[in-house]
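Trainee: Take a look at this one; I'll ask things after.
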Amino acid sequence: MKTNDVMLQTATKVVTFIILLFAVHIFFAGHYTPGGGFVGGLLTTSAIVLLMLAFGIRTVKKILPINYVVMTSVGLLVAIATAAASIVFDVPFFTHAYDYFDLPLFGETSLHSALLFDIGVYLVVVGVTMTIIQTIGEDE
Amino acid sequence: MSNLLLFPILIPLIVATILMLFPNKIKMQRLIALLGTIATLAASFFLIYKVFNDGIQVVTLGSWPAPFGISMVSDLLSGLLVATASLIVLFVVLYSFPTIGIKREQSYYYPAVLFLMAGVNGAFTTGDIFNLFVFVEVLLMASYMLISHGGERSQLRESIKYLLVNIISSALFVAAVALLYSVTGTLNMADLAVKIPQIENTAILTVIAVLFLVVFGFKAAIFPLYFWLPGSYHAPPMPILALFGALLTKVGVYAIMRTYTLFFTMNIGFTHELLAIIAILTILAGCVGALAYFDVKKIIIYNIIIAVGVILFGVSQMNEAGITGSILYLIHDMMIKAALFFLVGIVAVIFGTSNLRQMGGLIKTYPLLGWTYLVAAFGLAGIPPLSGFPGKLLVVQGGFEGPHFWGSIVILATSLIVLLSAVRIFIYAFWGEPVETRPLKKSAYRAMLIPSIILVAITVFFGVGAELFMPFVSDAAEVMLNPSLYIEAVFKE
C-alpha cells in the first residue's frame, strides 16, 4: 500500500534547509563555544536522513551522488594532515596555531587551525554515519 | 624531532586512510600496504636506536604541560614492543597475499589491518591511561571488522560473542578509569606514579588495581576471563588469526605490565600475589586446553593462554630476573605465535581441514615445512638455544628468587606439556600413513612458506643471539623497576 506522504515531503523541503543552516552555524560555533565538526556532521546527516525518509534512498542517491567511504577517507586525511603539520614546524603533535585577522564584512576575526581539523572531523562523521545508514537501509 | 615516537602510529594510520580511496585496485593495495608496514618497521627501529642512546622519548600533545596534556612516552619496553608488532604486521601482510583471497582484499582488508596496527602501536606508546582506552578502542574497532570480515557463518556467530565481551570489558574500563580519576585526580601515568604513593588509603586503590586487572584480563585472556578467546579466535581466516593471536592479547598483557610496575605498587603483598596465582592458574587452564583438542588451530590458541600466564608470572615477581624474563618472553611469544599460526595454516590448507585426526604423512611430500614447524615448536617450548629459552629461564629464576618458587616449578613442569602439545601436531600431521592431500600450487605454497621460514629464522636468531638483545631488554626492565626514571622523563619538559 502506498502511504500518503505529502505532508512529510512538503515539510521536509523546508526543514532540511533549516537543519543544514543550523549545522553550518553549529560547525562554526565550535572551538570557543559549544559546537564543532562532530555535532555539525551529525546534524547534516540528520538532514540527509530526513530526505531519505521522505523521498526514498534512490532519489537521495541521485541528487547527492557521493561516495561516503571516500568522504570519510578524505576527512581523515584532512584531520591527520592538520595535526601532522606540527611535525613540519617541529612542535609537539597536535599543537594548533591561531591569530586575529581583519576580514571584510566580518571585521576582526580569530582564525584557528582547529577549524581545519574540524572540517576533517565533519567529513568523517558525515561519511561514517551515512555509510552505516545506507548499508543498513539497503538491506531491506 | 620530538615527534619521532608518533611515526609508528601515524604511518599506518595515513596509509590505511589512503588505501580506503581505491579498494578495488588490488595490486596497488598490496604494494602500498607493504611499503607502509616496512616504513613503520624502519621508523620503530630508528625509535629504539634513539631511545637507547638518548633516553626515554616523550611528547605531550598540543604543547600542553605534562600532567594536563596527553603524554606519549616511548621507553625501551614500548619501543621493543612497537618494533615487534610492526615486524609481525609486515609478515602478516606478506602471508595474506596468497591466503586471504581476492574478495576480502577488495573489501578494505589492508586498511583494517593497518588501522589495527595504528591502534596496537598507539596502545604500546601512550603514557595516559584514558588515551590507552582510546587506542584500545581503535584496535578493537579494527578487530571487530577483521573478525567478521568475509561474513562466514561461524565468523558471524563468534563475532557476536567477541563484540559482547569486549563491549562489557570496555565499559568496565571506563568505569575503572573514572574511579581512578576520582581518587587521584589525574590520568597521566607518570603523574599517577607520583600521586598514588602519597595516598594513605590503599584499600580503595587496591580495589581499583584489581578492577584494572579484570579489565586488562579480559583483553589478555587470563584465568578465568579467557573463555571467549578459543572460540572467537578459531573463526577468522589464518592471517587474521595470526595477527590477533600475536598482537591483541599482548596489548592487555602490556597494560598489566605497565600499570602493575609503574603505579599499582602500593599493596604488592595482595595485588601481585593475586597476579601470580592467576598467572599460574592461567597456565594450567591453557595446558588442559592445549592437550584436550585435536584441532591444530585450537592447540596453538590455547598455547597463547599458557604464554600469557608465563609472562604475567614474571611480572608478578617484581624482581630484575622476573621482569627481564617476561619482556624477553613477551617478544619471543609474539613472533613465535605468528610463525606457528602461519605454519599450521599451511598444514590446514594442504589437508583442507584443521582436524589432526584427518592428517598424516606430510614429511615425505613437504619436508621443508615439517622441519620448519619442528624448529618453531621447539622454540615455543623453550628448548635451548631457541628463542623461548632465555625468557623462560629468567622468569623461572625470578620465581625462585621471589616468594613464589612453586610457580616456577609449575612453569618448568608445564613446559613439557607445551612441548607435547606442539610436537603432537608434528607427530600426527607429518608422521604416519600419508593421507590424501589437496593439490596446492607450487607458487602459492612458496608464497606462504617463505614468510613463515623467515619469521622462524628471526625467532631462532632472537634465541641464539639473545646476548645481543640483552642490553635493550635489561634497560627496559630497569625503567620498569625504577618508576622514577619514567616520571622524570615525562616531567622534565
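Residue names in the C-alpha cells use chain letters A, B, ... in the order shown, residue numbers from 1 in each chain, and ligand numbers from 1 in the order shown.
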Output as a PyMOL selection string all residues of region 193-394 of chain B that backbone DSSP marks as helix (DSSP H, G or I).
Mentor: chain B and resi 193-198+202-220+229-234+238-262+268-292+296-316+320-351+356-358+362-365+367-381+388-394
Trainee: What would the file look like if the residues just selected were written as a short mmCIF file (atom, residue, chain, number, x, y, z; two decimals), in the first residue's frame with C-alpha atoms?
Mentor:
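Dumped to again_18.cif:
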```cif
data_model
loop_
_atom_site.label_atom_id
_atom_site.label_comp_id
_atom_site.auth_asym_id
_atom_site.auth_seq_id
_atom_site.Cartn_x
_atom_site.Cartn_y
_atom_site.Cartn_z
CA ALA B 193 53.01 7.15 39.78
CA VAL B 194 53.75 10.34 41.74
CA LYS B 195 50.35 10.69 43.40
CA ILE B 196 49.43 7.12 44.29
CA PRO B 197 52.21 6.63 46.87
CA GLN B 198 51.02 9.81 48.62
CA THR B 202 45.47 1.98 50.00
CA ALA B 203 42.32 -0.13 50.34
CA ILE B 204 40.38 1.76 47.66
CA LEU B 205 43.43 1.78 45.40
CA THR B 206 43.77 -1.97 45.79
CA VAL B 207 40.17 -2.36 44.67
CA ILE B 208 40.87 -0.18 41.64
CA ALA B 209 44.03 -2.14 40.85
CA VAL B 210 42.06 -5.41 40.88
CA LEU B 211 39.36 -3.81 38.74
CA PHE B 212 42.02 -2.88 36.19
CA LEU B 213 43.33 -6.43 36.38
CA VAL B 214 39.85 -7.65 35.43
CA VAL B 215 39.60 -5.13 32.58
CA PHE B 216 43.01 -5.92 31.12
CA GLY B 217 42.49 -9.58 31.97
CA PHE B 218 39.59 -9.74 29.54
CA LYS B 219 41.85 -8.46 26.77
CA ALA B 220 44.86 -10.53 27.84
CA LEU B 229 39.17 -16.46 23.27
CA PRO B 230 39.34 -20.05 21.91
CA GLY B 231 36.00 -19.78 20.12
CA SER B 232 36.43 -16.28 18.75
CA TYR B 233 39.97 -16.79 17.50
CA HIS B 234 39.01 -20.04 15.82
CA MET B 238 44.57 -17.76 9.26
CA PRO B 239 46.33 -14.42 8.61
CA ILE B 240 43.78 -12.61 10.79
CA LEU B 241 44.11 -15.30 13.44
CA ALA B 242 47.90 -14.90 13.39
CA LEU B 243 47.52 -11.15 13.75
CA PHE B 244 45.08 -11.49 16.67
CA GLY B 245 47.00 -14.26 18.39
CA ALA B 246 50.30 -12.43 18.15
CA LEU B 247 49.17 -8.90 18.97
CA LEU B 248 45.78 -8.45 20.62
CA THR B 249 46.20 -10.37 23.86
CA LYS B 250 49.65 -8.83 24.18
CA VAL B 251 48.15 -5.36 24.44
CA GLY B 252 46.31 -6.50 27.55
CA VAL B 253 49.48 -8.12 28.88
CA TYR B 254 51.44 -4.94 28.22
CA ALA B 255 48.80 -2.86 30.02
CA ILE B 256 49.04 -5.10 33.08
CA MET B 257 52.84 -4.97 32.95
CA ARG B 258 52.84 -1.19 32.72
CA THR B 259 50.24 -0.43 35.36
CA TYR B 260 51.43 -3.06 37.83
CA THR B 261 55.03 -1.90 37.73
CA LEU B 262 54.55 1.84 37.35
CA ILE B 268 52.25 -5.61 46.38
CA GLY B 269 51.55 -8.22 49.05
CA PHE B 270 47.99 -8.53 47.80
CA THR B 271 47.83 -7.43 44.17
CA HIS B 272 50.99 -9.11 42.94
CA GLU B 273 50.27 -12.25 44.93
CA LEU B 274 46.88 -12.35 43.22
CA LEU B 275 48.55 -11.78 39.86
CA ALA B 276 50.98 -14.66 40.48
CA ILE B 277 48.20 -17.06 41.47
CA ILE B 278 46.05 -16.06 38.48
CA ALA B 279 49.07 -16.40 36.18
CA ILE B 280 49.70 -19.96 37.35
CA LEU B 281 46.01 -20.86 37.02
CA THR B 282 46.07 -19.38 33.50
CA ILE B 283 48.99 -21.64 32.59
CA LEU B 284 47.23 -24.71 33.97
CA ALA B 285 43.95 -23.91 32.22
CA GLY B 286 45.80 -23.31 28.95
CA CYS B 287 47.60 -26.65 29.29
CA VAL B 288 44.33 -28.53 29.73
CA GLY B 289 43.00 -26.94 26.54
CA ALA B 290 46.19 -27.48 24.57
CA LEU B 291 46.12 -31.20 25.34
CA ALA B 292 42.39 -31.71 25.04
CA VAL B 296 45.58 -27.60 15.14
CA LYS B 297 44.21 -24.06 15.45
CA LYS B 298 42.79 -24.71 18.92
CA ILE B 299 46.07 -26.23 20.16
CA ILE B 300 48.05 -23.13 19.22
CA ILE B 301 45.29 -20.86 20.53
CA TYR B 302 45.48 -22.50 23.96
CA ASN B 303 49.23 -22.01 23.83
CA ILE B 304 48.58 -18.25 23.65
CA ILE B 305 46.86 -18.53 27.03
CA ILE B 306 49.77 -20.50 28.51
CA ALA B 307 52.24 -17.85 27.35
CA VAL B 308 50.15 -15.06 28.87
CA GLY B 309 50.41 -16.86 32.20
CA VAL B 310 54.20 -17.24 31.94
CA ILE B 311 54.69 -13.56 31.11
CA LEU B 312 52.43 -12.34 33.90
CA PHE B 313 54.07 -14.65 36.42
CA GLY B 314 57.40 -12.99 35.61
CA VAL B 315 55.84 -9.55 36.11
CA SER B 316 54.26 -10.51 39.43
CA GLU B 320 65.03 -7.98 37.94
CA ALA B 321 65.19 -11.54 36.66
CA GLY B 322 61.43 -11.94 36.56
CA ILE B 323 60.73 -8.71 34.68
CA THR B 324 63.62 -9.07 32.24
CA GLY B 325 62.45 -12.60 31.56
CA SER B 326 58.86 -11.55 30.99
CA ILE B 327 59.90 -8.88 28.47
CA LEU B 328 62.08 -11.38 26.58
CA TYR B 329 59.34 -13.97 26.68
CA LEU B 330 56.73 -11.44 25.52
CA ILE B 331 58.77 -10.52 22.44
CA HIS B 332 59.56 -14.16 21.74
CA ASP B 333 55.94 -15.17 22.12
CA MET B 334 54.62 -12.53 19.73
CA MET B 335 56.94 -13.76 16.99
CA ILE B 336 56.67 -17.49 17.59
CA LYS B 337 52.86 -17.44 17.76
CA ALA B 338 52.64 -15.65 14.43
CA ALA B 339 55.11 -18.14 12.91
CA LEU B 340 53.24 -21.16 14.31
CA PHE B 341 49.90 -19.90 13.03
CA PHE B 342 51.46 -19.37 9.61
CA LEU B 343 52.85 -22.91 9.51
CA VAL B 344 49.72 -24.52 10.90
CA GLY B 345 47.76 -22.51 8.36
CA ILE B 346 49.76 -24.08 5.52
CA VAL B 347 49.14 -27.54 7.00
CA ALA B 348 45.42 -26.80 7.26
CA VAL B 349 45.32 -25.62 3.63
CA ILE B 350 47.13 -28.75 2.43
CA PHE B 351 44.72 -31.11 4.19
CA LEU B 356 44.52 -33.54 13.42
CA ARG B 357 42.88 -36.96 13.13
CA GLN B 358 42.45 -36.49 9.39
CA LEU B 362 53.28 -34.92 5.25
CA ILE B 363 57.02 -35.21 5.90
CA LYS B 364 57.59 -37.08 2.62
CA THR B 365 55.87 -34.56 0.40
CA PRO B 367 59.86 -31.94 4.20
CA LEU B 368 60.88 -28.30 4.50
CA LEU B 369 57.53 -27.37 6.05
CA GLY B 370 57.88 -30.21 8.55
CA TRP B 371 61.33 -29.30 9.77
CA THR B 372 60.49 -25.60 9.96
CA TYR B 373 57.49 -26.46 12.07
CA LEU B 374 59.61 -28.65 14.35
CA VAL B 375 62.07 -25.79 14.93
CA ALA B 376 59.19 -23.43 15.72
CA ALA B 377 57.62 -25.98 18.09
CA PHE B 378 60.91 -26.44 19.94
CA GLY B 379 61.24 -22.66 20.12
CA LEU B 380 57.76 -22.43 21.63
CA ALA B 381 58.62 -24.97 24.31
CA GLY B 388 61.71 -19.39 24.26
CA PHE B 389 64.62 -20.48 26.43
CA PRO B 390 66.25 -17.28 27.76
CA GLY B 391 62.94 -15.65 28.63
CA LYS B 392 61.54 -18.68 30.40
CA LEU B 393 64.82 -19.29 32.22
CA LEU B 394 64.77 -15.76 33.63
#
```
Trainee: Select residues of chain B: the criterion is any atom within 7 Å of an atom of chain A, counting only C-alpha atoms; output as a PyMOL selection string.
Mentor: chain B and resi 1-3+14+17-18+20-21+59-63
Trainee: If you keep C-alpha atoms, can you produce a file of those selected residues as a PDB file, in the first residue's frame?
Mentor:
```
ATOM      1  CA  MET B   1      62.458  15.623  16.057  1.00  0.00           C
ATOM      2  CA  SER B   2      60.304  15.476  19.151  1.00  0.00           C
ATOM      3  CA  ASN B   3      57.514  13.779  17.213  1.00  0.00           C
ATOM      4  CA  ILE B  14      47.822   7.600   6.978  1.00  0.00           C
ATOM      5  CA  THR B  17      43.327   6.149   5.054  1.00  0.00           C
ATOM      6  CA  ILE B  18      44.882   6.394   1.609  1.00  0.00           C
ATOM      7  CA  MET B  20      40.400   3.426   1.602  1.00  0.00           C
ATOM      8  CA  LEU B  21      40.286   5.582  -1.511  1.00  0.00           C
ATOM      9  CA  VAL B  59      55.973  14.238  23.611  1.00  0.00           C
ATOM     10  CA  THR B  60      52.967  15.851  25.239  1.00  0.00           C
ATOM     11  CA  LEU B  61      50.340  16.520  22.605  1.00  0.00           C
ATOM     12  CA  GLY B  62      49.269  20.050  21.769  1.00  0.00           C
ATOM     13  CA  SER B  63      52.190  21.643  23.659  1.00  0.00           C
TER      14      SER B  63
END
```
Trainee: Name the residues in contact with Ile66 (chain A) at a cut-off of 12 Å, using only C-alpha atoms, excluding same-chain residues fewer than 3 positions from it; report them as a PyMOL selection string.
Mentor: chain A and resi 48+60-63+69-72+123+126-127+130-131+134
Trainee: Given the selection you just returned, output its residues as a file containing C-alpha atoms, formatted as a PDB file, in the first residue's frame.
Mentor:
```
ATOM      1  CA  ILE A  48      20.089  13.817   4.709  1.00  0.00           C
ATOM      2  CA  VAL A  60      18.602  10.970  -2.486  1.00  0.00           C
ATOM      3  CA  LYS A  61      21.396   8.953  -4.070  1.00  0.00           C
ATOM      4  CA  LYS A  62      20.566  10.584  -7.383  1.00  0.00           C
ATOM      5  CA  ILE A  63      20.693  14.152  -6.047  1.00  0.00           C
ATOM      6  CA  VAL A  69      33.664   5.976   2.118  1.00  0.00           C
ATOM      7  CA  VAL A  70      35.860   8.273   0.055  1.00  0.00           C
ATOM      8  CA  MET A  71      34.420  11.200   2.015  1.00  0.00           C
ATOM      9  CA  THR A  72      35.454   9.514   5.289  1.00  0.00           C
ATOM     10  CA  LEU A 123      33.626  14.886   6.810  1.00  0.00           C
ATOM     11  CA  VAL A 126      29.000  12.515   7.828  1.00  0.00           C
ATOM     12  CA  GLY A 127      30.852   9.835   5.854  1.00  0.00           C
ATOM     13  CA  MET A 130      25.881   7.857   6.113  1.00  0.00           C
ATOM     14  CA  THR A 131      27.792   4.679   5.214  1.00  0.00           C
ATOM     15  CA  GLN A 134      22.954   3.347   3.770  1.00  0.00           C
TER      16      GLN A 134
END
```
Trainee: Extract, using only C-alpha atoms, all DNA, RNA and protein residues at most 10 Å from region 17-29 of chain A, discarding same-chain residues fewer than 5 positions from it, and format them as a PyMOL selection string.
Mentor: chain A and resi 12+34-48+50+115+118-119+122
Trainee: Could you pull out the strand (DSSP E) residues of region 82-123 of chain A, going by DSSP on the backbone, and write them as a list in words?
Mentor: Tyr98, Asp99, Tyr100, Phe101, Asp102, Leu103, Gly107, Glu108, Thr109, Ser110, Leu111 and His112 of chain A
Trainee: Can you pull out every residue within 9 Å of Asn188 (chain B), counting only C-alpha atoms, but drop anything in the same chain fewer than 4 positions away, and send it as a list in words?
Mentor: Ala66, Pro67, Phe68, Gly69, Ile70, Ser71, Gly127, Asp128, Ile129, Phe130, Leu192 and Ala193 of chain B
Trainee: Determine, counting only C-alpha atoms, which protein, DNA and RNA residues have an atom within 10 Å of an atom of Ala447 (chain B); residues of the same chain fewer than 3 positions away are not included. Present the result as a PyMOL selection string.
Mentor: chain B and resi 94-99+441-444+450-452
Trainee: Might you pull out every residue within 12 Å of Thr10 (chain A), with only C-alpha atoms counted and same-chain residues fewer than 3 positions away left off, and present them as number ranges by chain?
Mentor: A: 4-7, 13-16, 50-51, 54-55
